[in-house]
Structures are given as structure tokens and as C-alpha cells.
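J.: Quick one, model-v7.txt (compact mmCIF, C-alpha atoms):
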```txt
# COMPACT_ATOMS: atom_id res chain seq x y z
CA MET A 1 0.00 0.00 0.00
CA GLN A 2 2.70 2.39 1.13
CA SER A 3 4.97 1.65 -1.84
CA GLY A 4 1.98 2.11 -4.22
CA GLY A 5 1.24 5.55 -2.72
CA ARG A 6 4.90 6.46 -2.95
CA ARG A 7 5.01 5.38 -6.60
CA ASN A 8 1.97 7.55 -7.35
CA HIS A 9 3.58 10.50 -5.55
CA MET A 10 6.81 10.04 -7.53
CA ALA A 11 4.87 9.78 -10.81
CA SER A 12 2.93 12.98 -10.06
CA ARG A 13 6.18 14.80 -9.17
CA ALA A 14 7.81 13.62 -12.41
CA LYS A 15 4.75 14.79 -14.38
CA LYS A 16 4.83 18.20 -12.66
CA SER A 17 8.56 18.72 -13.32
CA ALA A 18 8.13 17.62 -16.97
CA SER A 19 5.34 20.19 -17.47
CA LEU A 20 7.43 22.89 -15.73
CA GLY A 21 10.37 22.00 -17.99
CA SER A 22 8.19 22.25 -21.08
CA PHE A 23 6.80 25.64 -19.90
CA LEU A 24 10.33 26.95 -19.25
CA LEU A 25 11.58 25.71 -22.65
CA GLU A 26 8.68 27.49 -24.36
CA LEU A 27 9.42 30.63 -22.37
CA VAL A 28 13.13 30.63 -23.30
CA VAL A 29 12.48 30.05 -27.03
CA TYR A 30 9.76 32.74 -27.04
CA ALA A 31 12.01 35.22 -25.19
CA ALA A 32 14.80 34.64 -27.74
CA PHE A 33 12.40 35.33 -30.63
CA VAL A 34 10.95 38.46 -28.98
CA PHE A 35 14.40 39.96 -28.33
CA ALA A 36 15.67 39.08 -31.82
CA TYR A 37 12.55 40.63 -33.35
CA PHE A 38 13.05 43.91 -31.52
CA PHE A 39 16.71 44.21 -32.58
CA LEU A 40 15.80 43.39 -36.21
CA VAL A 41 13.10 46.09 -36.21
CA LEU A 42 15.45 48.60 -34.58
CA HIS A 43 18.26 47.83 -37.05
CA PHE A 44 16.26 47.73 -40.28
CA LEU A 45 13.27 49.98 -39.55
CA GLY A 46 14.44 52.40 -36.81
CA ASP A 47 15.20 55.42 -39.03
CA TRP A 48 12.45 54.60 -41.51
CA LEU A 49 9.84 54.62 -38.71
CA LYS A 50 10.90 58.13 -37.63
CA HIS A 51 10.67 59.25 -41.27
CA VAL A 52 7.18 57.74 -41.69
CA PHE A 53 6.06 59.25 -38.34
CA ASP A 54 7.04 62.71 -39.62
CA GLN A 55 5.69 62.31 -43.17
CA ASN A 56 2.68 60.00 -43.16
CA LYS A 57 0.77 59.38 -39.92
CA THR A 58 -1.76 56.99 -41.52
CA LEU A 59 0.96 54.66 -42.80
CA TYR A 60 2.72 54.99 -39.43
CA ALA A 61 -0.48 53.96 -37.59
CA PHE A 62 -0.87 50.82 -39.75
CA VAL A 63 2.84 49.90 -39.44
CA ALA A 64 2.87 50.49 -35.64
CA LEU A 65 -0.16 48.27 -35.10
CA ALA A 66 1.22 45.57 -37.42
CA LEU A 67 4.62 45.56 -35.68
CA ILE A 68 3.15 45.10 -32.21
CA ILE A 69 0.65 42.44 -33.35
CA VAL A 70 3.38 40.46 -35.10
CA GLN A 71 5.50 40.65 -31.94
CA GLY A 72 2.57 39.34 -29.89
CA VAL A 73 0.87 36.79 -32.12
CA GLY A 74 3.38 35.90 -34.82
CA LEU A 75 6.21 35.09 -32.46
CA GLU A 76 3.97 33.05 -30.14
CA MET A 77 2.75 31.00 -33.11
CA LEU A 78 6.31 30.56 -34.31
CA THR A 79 7.37 29.35 -30.86
CA THR A 80 4.44 26.93 -30.55
CA GLY A 81 5.08 25.57 -34.05
CA LEU A 82 8.80 25.15 -33.45
CA LEU A 83 8.25 23.33 -30.14
CA ARG A 84 5.66 21.05 -31.74
CA ILE A 85 8.23 20.04 -34.37
CA ILE A 86 10.91 19.45 -31.70
CA ARG A 87 8.55 17.28 -29.58
CA ARG A 88 7.42 15.28 -32.62
CA ARG A 89 11.06 14.52 -33.48
CA GLU A 90 11.80 13.54 -29.85
CA SER A 91 8.88 11.12 -29.72
CA MET B 1 19.07 54.80 -25.94
CA ASP B 2 17.47 57.66 -27.90
CA PHE B 3 13.85 57.22 -28.93
CA LEU B 4 13.62 59.74 -31.76
CA ILE B 5 9.85 59.60 -32.30
CA SER B 6 9.01 60.85 -28.79
CA GLY B 7 12.35 62.68 -28.42
CA THR B 8 13.27 60.88 -25.17
CA HIS B 9 16.39 59.16 -23.86
CA ILE B 10 15.70 56.04 -21.73
CA ASN B 11 17.78 53.03 -20.72
CA PRO B 12 16.02 50.11 -22.52
CA VAL B 13 16.82 47.74 -19.63
CA TYR B 14 14.46 49.75 -17.39
CA LEU B 15 11.74 49.49 -20.02
CA ILE B 16 12.21 45.71 -20.29
CA ILE B 17 12.06 45.31 -16.48
CA ILE B 18 8.91 47.46 -16.22
CA GLY B 19 7.43 45.50 -19.14
CA PHE B 20 8.21 42.20 -17.41
CA ILE B 21 6.58 43.29 -14.12
CA ILE B 22 3.44 44.59 -15.80
CA GLY B 23 3.38 41.49 -18.01
CA ILE B 24 3.12 39.29 -14.92
CA CYS B 25 0.48 41.63 -13.42
CA GLY B 26 -1.45 41.69 -16.69
CA GLY B 27 -1.53 37.93 -17.09
CA PHE B 28 -2.41 37.46 -13.42
CA PHE B 29 -4.92 40.26 -12.74
CA GLY B 30 -6.32 40.56 -16.28
CA VAL B 31 -5.47 44.24 -16.49
CA GLY B 32 -3.27 45.80 -19.14
CA GLY B 33 -0.86 47.15 -16.56
CA SER B 34 -1.29 50.83 -17.39
CA PHE B 35 -1.58 51.62 -13.65
CA LEU B 36 2.19 50.93 -13.57
CA ALA B 37 3.31 51.34 -17.20
CA GLY B 38 1.87 54.84 -17.61
CA PRO B 39 3.34 56.25 -14.38
CA ALA B 40 6.68 54.51 -15.10
CA LEU B 41 6.93 56.03 -18.61
CA PHE B 42 6.10 59.47 -17.20
CA PHE B 43 8.72 58.87 -14.50
CA PHE B 44 11.26 58.12 -17.29
CA GLY B 45 10.50 61.51 -18.89
CA VAL B 46 8.13 60.53 -21.72
CA PRO B 47 5.57 63.32 -22.47
CA MET B 48 2.08 62.41 -21.24
CA ASN B 49 0.45 62.26 -24.71
CA PHE B 50 3.12 59.69 -25.76
CA VAL B 51 2.66 57.84 -22.44
CA VAL B 52 -1.04 57.34 -23.25
CA GLY B 53 -0.58 56.26 -26.90
CA THR B 54 2.55 54.13 -26.39
CA ASP B 55 1.04 52.35 -23.39
CA LEU B 56 -1.97 51.38 -25.51
CA ALA B 57 0.33 50.04 -28.24
CA HIS B 58 2.38 47.80 -25.97
CA ILE B 59 -0.78 46.50 -24.33
CA VAL B 60 -2.11 45.18 -27.67
CA GLY B 61 0.76 42.70 -28.08
CA LYS B 62 0.80 41.63 -24.45
CA SER B 63 -2.96 41.19 -24.14
CA ILE B 64 -3.07 38.94 -27.20
CA VAL B 65 -0.62 36.54 -25.56
CA ALA B 66 -2.42 36.60 -22.18
CA ALA B 67 -5.93 36.39 -23.73
CA LYS B 68 -4.89 33.32 -25.75
CA LYS B 69 -3.71 31.63 -22.54
CA HIS B 70 -6.96 32.51 -20.73
CA ARG B 71 -9.06 31.28 -23.67
CA ALA B 72 -7.29 27.92 -23.43
CA LEU B 73 -8.12 27.86 -19.69
CA GLY B 74 -11.82 28.58 -20.48
CA ASN B 75 -11.79 32.02 -18.84
CA VAL B 76 -13.14 34.08 -21.77
CA ASP B 77 -16.81 34.99 -22.34
CA ILE B 78 -16.63 35.82 -26.07
CA LYS B 79 -20.21 37.20 -26.30
CA LEU B 80 -19.66 39.62 -23.39
CA GLY B 81 -16.21 40.56 -24.72
CA LEU B 82 -17.52 41.47 -28.19
CA ILE B 83 -20.41 43.56 -26.80
CA MET B 84 -18.05 45.39 -24.47
CA ALA B 85 -15.47 45.99 -27.21
CA ALA B 86 -17.99 47.94 -29.35
CA ALA B 87 -18.83 50.40 -26.56
CA THR B 88 -15.23 50.61 -25.37
CA ILE B 89 -14.06 51.72 -28.82
CA LEU B 90 -16.50 54.66 -28.69
CA GLY B 91 -15.19 55.54 -25.25
CA VAL B 92 -11.55 55.29 -26.39
CA GLU B 93 -12.23 57.79 -29.18
CA THR B 94 -13.85 60.17 -26.65
CA GLY B 95 -10.78 59.90 -24.40
CA ALA B 96 -8.38 60.43 -27.33
CA GLN B 97 -10.29 63.56 -28.35
CA ILE B 98 -9.99 64.94 -24.79
CA ILE B 99 -6.19 64.39 -25.00
CA GLN B 100 -6.12 66.32 -28.30
CA GLN B 101 -7.95 69.24 -26.67
CA LEU B 102 -5.52 69.24 -23.73
CA LYS B 103 -2.54 69.09 -26.17
CA ARG B 104 -3.87 72.23 -27.87
CA HIS B 105 -4.10 74.00 -24.50
CA LYS B 106 -0.62 72.69 -23.57
CA ASN B 107 -1.63 71.27 -20.19
CA VAL B 108 -1.89 67.56 -21.02
CA ASP B 109 0.92 66.49 -18.62
CA PHE B 110 -0.54 68.11 -15.51
CA VAL B 111 -4.22 67.28 -16.09
CA VAL B 112 -3.65 63.64 -17.07
CA ALA B 113 -1.18 63.12 -14.20
CA ILE B 114 -3.62 64.46 -11.59
CA ALA B 115 -6.52 62.45 -13.06
CA PHE B 116 -4.29 59.34 -13.00
CA VAL B 117 -3.42 59.83 -9.31
CA ILE B 118 -7.07 60.35 -8.29
CA VAL B 119 -8.25 57.28 -10.22
CA LEU B 120 -5.44 55.03 -8.96
CA ILE B 121 -5.90 55.96 -5.30
CA GLY B 122 -9.69 55.63 -5.62
CA ILE B 123 -9.50 52.16 -7.20
CA SER B 124 -6.97 50.89 -4.70
CA SER B 125 -8.98 52.12 -1.71
CA PHE B 126 -12.22 50.70 -3.04
CA ILE B 127 -10.84 47.23 -3.75
CA ALA B 128 -9.05 47.14 -0.36
CA TRP B 129 -12.31 48.04 1.40
CA GLU B 130 -14.32 45.48 -0.57
CA CYS B 131 -11.76 42.69 0.06
CA TRP B 132 -11.74 43.51 3.76
CA GLN B 133 -15.54 43.24 3.89
CA THR B 134 -15.50 40.01 1.87
CA LEU B 135 -12.84 38.40 4.05
CA LYS B 136 -14.78 39.38 7.20
CA MET B 137 -17.95 37.92 5.73
CA GLY B 138 -16.10 34.76 4.57
CA LYS B 139 -14.77 34.18 8.10
CA THR B 140 -18.26 34.33 9.59
CA GLU B 141 -19.71 32.10 6.87
CA SER B 142 -16.94 29.49 7.01
CA THR B 143 -17.30 29.30 10.80
CA ALA B 144 -21.04 28.92 10.39
CA LYS B 145 -21.06 26.36 7.59
CA GLY B 146 -17.68 24.74 8.11
CA LYS B 147 -16.39 25.43 4.61
CA PRO B 148 -15.22 28.60 2.85
CA ARG B 149 -16.75 29.77 -0.43
CA ARG B 150 -14.36 30.10 -3.36
CA ASP B 151 -15.35 33.34 -5.11
CA HIS B 152 -17.77 35.83 -3.69
CA SER B 153 -17.95 39.53 -2.95
CA ALA B 154 -19.26 41.47 0.05
CA ILE B 155 -21.02 43.83 -2.35
CA ALA B 156 -22.48 41.18 -4.65
CA TYR B 157 -25.90 42.74 -3.92
CA ILE B 158 -24.88 45.65 -6.21
CA ALA B 159 -24.45 43.26 -9.16
CA LYS B 160 -27.81 41.66 -8.32
CA LYS B 161 -29.47 45.10 -8.33
CA PHE B 162 -28.02 45.86 -11.77
CA GLN B 163 -29.13 42.45 -13.06
CA ARG B 164 -32.69 43.26 -11.88
CA PHE B 165 -32.61 46.54 -13.84
CA HIS B 166 -35.07 45.73 -16.66
CA PHE B 167 -34.40 48.03 -19.58
CA PRO B 168 -34.71 46.13 -22.87
CA PRO B 169 -33.04 44.52 -24.67
CA MET B 170 -32.22 41.97 -21.97
CA ILE B 171 -29.53 39.39 -22.73
CA SER B 172 -28.21 36.28 -21.03
CA LEU B 173 -24.53 35.42 -20.59
CA PRO B 174 -24.37 31.69 -19.86
CA SER B 175 -20.54 31.55 -19.90
CA SER B 176 -20.49 34.10 -17.05
CA GLY B 177 -23.44 32.51 -15.22
CA ILE B 178 -25.65 35.61 -15.75
CA LYS B 179 -29.26 34.69 -16.53
CA GLN B 180 -30.44 38.15 -17.55
CA ILE B 181 -28.94 41.63 -17.73
CA SER B 182 -29.79 44.80 -19.62
CA LEU B 183 -27.56 45.37 -22.65
CA TRP B 184 -27.41 49.04 -21.63
CA THR B 185 -25.72 48.24 -18.33
CA ILE B 186 -22.91 46.47 -20.22
CA LEU B 187 -22.62 49.26 -22.80
CA VAL B 188 -22.43 52.05 -20.18
CA VAL B 189 -19.81 50.18 -18.11
CA SER B 190 -17.72 49.53 -21.25
CA TYR B 191 -18.06 53.09 -22.56
CA ILE B 192 -16.82 54.56 -19.26
CA GLY B 193 -13.91 52.09 -19.28
CA GLY B 194 -13.14 53.15 -22.86
CA VAL B 195 -13.05 56.85 -21.96
CA PHE B 196 -10.50 56.07 -19.22
CA SER B 197 -8.53 53.95 -21.69
CA GLY B 198 -8.37 56.69 -24.31
CA PHE B 199 -7.67 59.40 -21.74
CA LEU B 200 -5.22 57.67 -19.37
CA GLY B 201 -3.81 55.01 -21.72
CA GLY B 202 -3.67 51.25 -21.39
CA GLY B 203 -6.68 49.02 -21.32
CA ALA B 204 -8.21 50.68 -18.21
CA GLY B 205 -8.63 47.20 -16.77
CA TYR B 206 -8.31 48.82 -13.33
CA ILE B 207 -11.79 50.32 -13.99
CA ARG B 208 -13.34 47.61 -16.15
CA MET B 209 -12.23 44.54 -14.19
CA PRO B 210 -13.79 45.72 -10.87
CA ALA B 211 -16.85 46.99 -12.79
CA MET B 212 -17.32 43.56 -14.39
CA VAL B 213 -17.09 41.83 -11.02
CA TYR B 214 -19.07 44.29 -8.88
CA ILE B 215 -21.60 45.76 -11.35
CA LEU B 216 -22.14 43.04 -13.96
CA GLY B 217 -21.60 40.16 -11.50
CA VAL B 218 -19.09 38.24 -13.66
CA PRO B 219 -16.95 35.69 -11.70
CA THR B 220 -13.43 37.04 -11.15
CA HIS B 221 -11.57 34.48 -13.29
CA ILE B 222 -13.99 35.02 -16.22
CA ALA B 223 -13.68 38.82 -15.75
CA VAL B 224 -9.89 38.51 -15.99
CA GLY B 225 -9.93 36.54 -19.27
CA THR B 226 -12.83 38.47 -20.87
CA ASP B 227 -11.25 41.81 -20.00
CA LEU B 228 -8.02 40.77 -21.72
CA PHE B 229 -9.93 39.58 -24.80
CA GLU B 230 -11.84 42.87 -24.94
CA VAL B 231 -8.66 44.90 -24.40
CA VAL B 232 -7.07 43.30 -27.50
CA ILE B 233 -9.83 44.82 -29.68
CA SER B 234 -10.22 48.19 -27.95
CA ALA B 235 -6.48 48.80 -27.44
CA SER B 236 -5.83 48.01 -31.13
CA TYR B 237 -8.28 50.73 -32.03
CA GLY B 238 -6.76 53.03 -29.39
CA THR B 239 -3.26 52.47 -30.77
CA PHE B 240 -4.42 53.26 -34.28
CA THR B 241 -6.28 56.45 -33.41
CA HIS B 242 -3.47 57.71 -31.13
CA ALA B 243 -0.84 56.87 -33.80
CA LEU B 244 -2.82 58.96 -36.29
CA LYS B 245 -2.67 61.83 -33.78
CA GLY B 246 1.12 61.41 -33.34
CA ASN B 247 0.97 60.02 -29.78
CA VAL B 248 2.67 56.61 -30.24
CA ASP B 249 6.41 55.82 -30.03
CA ILE B 250 6.30 52.28 -31.37
CA LEU B 251 9.96 51.54 -30.53
CA ILE B 252 9.33 52.20 -26.81
CA ALA B 253 6.27 49.94 -27.05
CA LEU B 254 8.31 47.15 -28.69
CA VAL B 255 11.03 47.32 -26.02
CA MET B 256 8.46 47.19 -23.21
CA HIS B 257 6.71 44.33 -24.93
CA THR B 258 9.87 42.20 -24.97
CA GLY B 259 9.62 42.03 -21.16
CA ALA B 260 5.82 42.09 -21.02
CA ALA B 261 5.33 39.16 -23.40
CA ILE B 262 7.45 36.90 -21.20
CA GLY B 263 5.82 38.18 -17.99
CA ALA B 264 2.30 37.66 -19.40
CA GLN B 265 2.99 33.94 -19.97
CA ILE B 266 4.04 33.54 -16.33
CA GLY B 267 1.16 35.68 -14.95
CA ALA B 268 -1.58 33.79 -16.82
CA THR B 269 -0.20 30.47 -15.55
CA LEU B 270 -0.23 31.77 -11.95
CA THR B 271 -4.04 32.41 -12.01
CA GLN B 272 -4.56 28.63 -11.81
CA TYR B 273 -3.30 28.67 -8.21
CA PHE B 274 -5.32 31.62 -6.83
CA HIS B 275 -9.03 32.44 -6.62
CA GLY B 276 -11.40 35.43 -6.32
CA VAL B 277 -10.70 37.62 -3.32
CA ARG B 278 -6.99 36.67 -3.18
CA ILE B 279 -6.46 37.96 -6.75
CA ARG B 280 -8.28 41.19 -5.89
CA LEU B 281 -6.41 41.68 -2.62
CA ALA B 282 -3.01 41.21 -4.28
CA PHE B 283 -3.99 43.94 -6.77
CA VAL B 284 -4.43 46.63 -4.05
CA PRO B 285 -0.83 47.99 -3.66
CA LEU B 286 -0.12 48.22 -7.42
CA PRO B 287 -2.20 51.31 -8.32
CA LEU B 288 -0.77 53.03 -5.22
CA LEU B 289 2.75 52.39 -6.51
CA GLY B 290 1.79 53.99 -9.84
CA ALA B 291 0.23 56.99 -8.07
CA GLY B 292 3.44 57.39 -6.03
CA LEU B 293 5.59 57.47 -9.19
CA ILE B 294 3.41 60.17 -10.79
CA LEU B 295 3.30 62.29 -7.63
CA TYR B 296 7.10 62.05 -7.28
CA SER B 297 7.61 63.20 -10.89
CA LEU B 298 5.03 65.99 -10.54
CA ILE B 299 6.31 67.34 -7.22
CA THR B 300 10.06 67.14 -7.89
CA GLY B 301 9.92 67.68 -11.65
CA HIS B 302 12.66 65.01 -11.87
CA HIS B 303 12.54 62.20 -14.37
CA PHE B 304 14.53 59.00 -13.99
CA LYS B 305 16.86 58.31 -16.95
```
Take the structure in this file and express it as C-alpha cells.

T.:
Amino acid sequence: MQSGGRRNHMASRAKKSASLGSFLLELVVYAAFVFAYFFLVLHFLGDWLKHVFDQNKTLYAFVALALIIVQGVGLEMLTTGLLRIIRRRES
Amino acid sequence: MDFLISGTHINPVYLIIIGFIIGICGGFFGVGGSFLAGPALFFFGVPMNFVVGTDLAHIVGKSIVAAKKHRALGNVDIKLGLIMAAATILGVETGAQIIQQLKRHKNVDFVVAIAFVIVLIGISSFIAWECWQTLKMGKTESTAKGKPRRDHSAIAYIAKKFQRFHFPPMISLPSSGIKQISLWTILVVSYIGGVFSGFLGGGAGYIRMPAMVYILGVPTHIAVGTDLFEVVISASYGTFTHALKGNVDILIALVMHTGAAIGAQIGATLTQYFHGVRIRLAFVPLPLLGAGLILYSLITGHHFK
């Protein structure tokens, strides 16, 4: 009885640590993408954004919204997709 | 680092840290985090009109991530969220127009800062009082019945009164456990939230979240998820309209979002371990911290670089 309970406890702990590991892996990959995205935008679009802000506010509004949505949604989808591929290969 | 669009110089590490903290708060409390982000940006020397617009922009990205997480956890009432989004958008435009008027009179910094402080202190005091009443009531009830209730409010009678207000059209919200409520109650609550959002920046979750719980009677965890879902739509509109008016520095928003996106993932996961009054009680000191930052910047005139 006691060893059965202990086995269950160990199994639940292993399950918890596996899900924490998977959450942390997702977080690290996502963080890497988010940081890389910002530096790419800053490097390639930094000056252009200032120019558009001064010259054409409508275009600037569309670009600003698109940039922030891509950072939020696009990168999360990319992370989820990448992790799905990694897990499929592992299994 | 120089942010040319708003003409400010801020260390990006501070922006990432602030973003991370408000990301956790946003995912956990279901609020956009403008009660901290706005005051922090003002504290860093960003002009108030850019604080409002930029805060809205960074909230769009972060709320999408957190709302997706909450949707997966079953915490989003889509019907309520869509109805609220329509009225909130109208309110956001009203708020943005008020900012434009203040910009013309060149007193946007002072007026918005004072309004921010009043709202933040008011919200904090109200939630603290309500939690205190609820905890007192919970103690009596758990002693009487032998078991504590999971999610209730000491002023739930207010929500019941509003639900009895029969002004057609009446709608039901099964996902939130509301049998009948006047559409107008939802629209008025959302519109007021929208005005605060357009005027003070962010998603104004600090107004809408308590209003959803105390006035509409939505359970706290559903209010958190639905508010985030609604903020995605209304803040997108807010970002667009403020960008058209030259009030958004998208590079500041992107830096803040690098921290916020990571924090939001952690915050949304944390809601699984806390319920009702505990979430509300933990929220109490945060608006006060924001009010303190604004008061410091206003009184000393110093901005942290």
C-alpha cells in the first residue's frame, strides 16, 4: 500500500517537473524570438519609422499596429510551431 | 538609448524590467498594466500624450498573448467581450479627443497626471475596502457552515441590483453565469472604461475589471480573461487612433513588450493557483505604486533616466 502511494507520488512529481520544464523551454524560445525581433526592427526599420512618423501618420499607424501584433501573435505561433516540431522529433 | 519619435532618452533595460513586471500583473490580474506602465513612462521623462498612446500600443501585443492563454483555460466569455469591445471603442475615441484638446491648450501632462493619481488611489482604496468586507464575511460564513466559499464579494448585492434593472433589450450570458442583464448596463460600463482607456492610456482594466465583477456580476476568473480579450480589440483601435494623432512611439512599445510578453505567460499560468478575493487583494498595492511614481515626478519635476 505504502509503496503504491509512494510510486503515485513520484509519478505525479515527475509529471509536474516535466510540465514545468516544457513551460520553461517554451518561455526561453519565445524570449529569444521576442528579443531578436526587436533588434531586427530597430536595425532595419528604426530610421524609416521616424521618417514615416514625420511624413505619413496613416501609414505609421498601420505599421505600428502591425509591428506590435506580429511581436505578440506571430512570435507566439512561431514558438508553438517550433516546439511542436521538436517534440514530434523527440517522440 | 534615444527614442527619436518621442524625443526621449531612456535606458532600454528599465523598459524591459517594467514590461516584465506589468506582463506578470497583466496575465495574473487581467489588467493591461497601465496603472504601472503609464506612471513609469512618465517617470522616465516621456511626455504624457506619448505615455497614453505608447502604453496602448504595448498592451495590444501583451494582451493577445495573455488572452490566448486565458481562452485555453476557459476564462473568456466571447459574447460579453464582443459587446463590451464595441462600446469601449466609442469611449476610447472620446478619451483620445480629450487628450487632443488638452494638447492644444498645452496642459496635457498636468491634467492627465492628476486624473491618473485620483483614479489610482480611488480604485486601490475601493478594492481594499471590498476585500476587507468580503474576508470578514467569509470568516463568519466558514465558521457557520464549516467550509469557505471560493469566489464571492461582500457587495455582490450591487451586481444583483443591476441584473434586476429591466431596460430592454435583456440578454443572457451563460458563460459568465448571468441569466439576464440589460444590454445598456454592459454598454455604459464599457463606454466609461473606454473613456478612461483613451484618456489615461492602457486598457483601463483597473476600472473595467472591478466593474465587471461588482456591477455586472461576472466571476473574477472570467472577468480577468474576458477583460483581456476585450482589451485586445479596444487597445488596437486606441493604438491606431493615437498613432494617427502622433501620440505613439512604437519603438518604446516594442522594447516594453519584450519584457511584457514573457511576464504575461508567467502571470496567466499563476491564475490557476489563486481564486477570487486573493487575486483582488493582491492587486491593491499596485495602483498606489503607480500613483506614487506620478506624484514624485510631478512634485520634484525630476525624471529617472

J.: Chain B residues within 7 Å of chain A, counting all atoms listed in the file: which ones, as a JSON list (two decimals) with C-alpha atoms, in the frame of the given file?

T.:
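Saved file out-v4.json follows:
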```
[["chain", "number", "residue", "atom", "x", "y", "z"],
["B", 4, "LEU", "CA", 13.62, 59.74, -31.76],
["B", 5, "ILE", "CA", 9.85, 59.60, -32.30],
["B", 57, "ALA", "CA", 0.33, 50.04, -28.24],
["B", 58, "HIS", "CA", 2.38, 47.80, -25.97],
["B", 60, "VAL", "CA", -2.11, 45.18, -27.67],
["B", 61, "GLY", "CA", 0.76, 42.70, -28.08],
["B", 62, "LYS", "CA", 0.80, 41.63, -24.45],
["B", 64, "ILE", "CA", -3.07, 38.94, -27.20],
["B", 65, "VAL", "CA", -0.62, 36.54, -25.56],
["B", 236, "SER", "CA", -5.83, 48.01, -31.13],
["B", 239, "THR", "CA", -3.26, 52.47, -30.77],
["B", 240, "PHE", "CA", -4.42, 53.26, -34.28],
["B", 243, "ALA", "CA", -0.84, 56.87, -33.80],
["B", 244, "LEU", "CA", -2.82, 58.96, -36.29],
["B", 246, "GLY", "CA", 1.12, 61.41, -33.34],
["B", 250, "ILE", "CA", 6.30, 52.28, -31.37],
["B", 254, "LEU", "CA", 8.31, 47.15, -28.69],
["B", 255, "VAL", "CA", 11.03, 47.32, -26.02],
["B", 258, "THR", "CA", 9.87, 42.20, -24.97],
["B", 262, "ILE", "CA", 7.45, 36.90, -21.20]]
```

J.: Considering all atoms listed in the file, return as a PyMOL selection string whatever protein or nucleic-acid residues lie within 8 Å of Lys245 (chain B), sequence-local ones (same chain, fewer than 3 positions apart) excluded.

T.: (chain A and resi 57) or (chain B and resi 100+241-242)

J.: How many Å separate CA of Ala86 (chain B) from CA of Ser172 (chain B)?

T.: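 Going from CA of Ala86 (chain B) over to CA of Ser172 (chain B), I get 17.6 Å.
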
J.: State, in Å with one decimal place, the distance from CA of Leu41 (chain B) to CA of His257 (chain B).

T.: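 Between these atoms lies a distance of 13.3 Å.
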
J.: When distances are computed from only C-alpha atoms, which of B:Pro219, B:Gly19, B:Gly33, B:Gly205 shows the smallest separation from Ile192 (chain B)?

T.: B:Gly205

J.: Hey, what's within 7 Å of Asn49 (chain B) if we count only C-alpha atoms and toss same-chain stuff fewer than 5 positions away? As a ChimeraX atom specification, please?

T.: /B:99,108,247
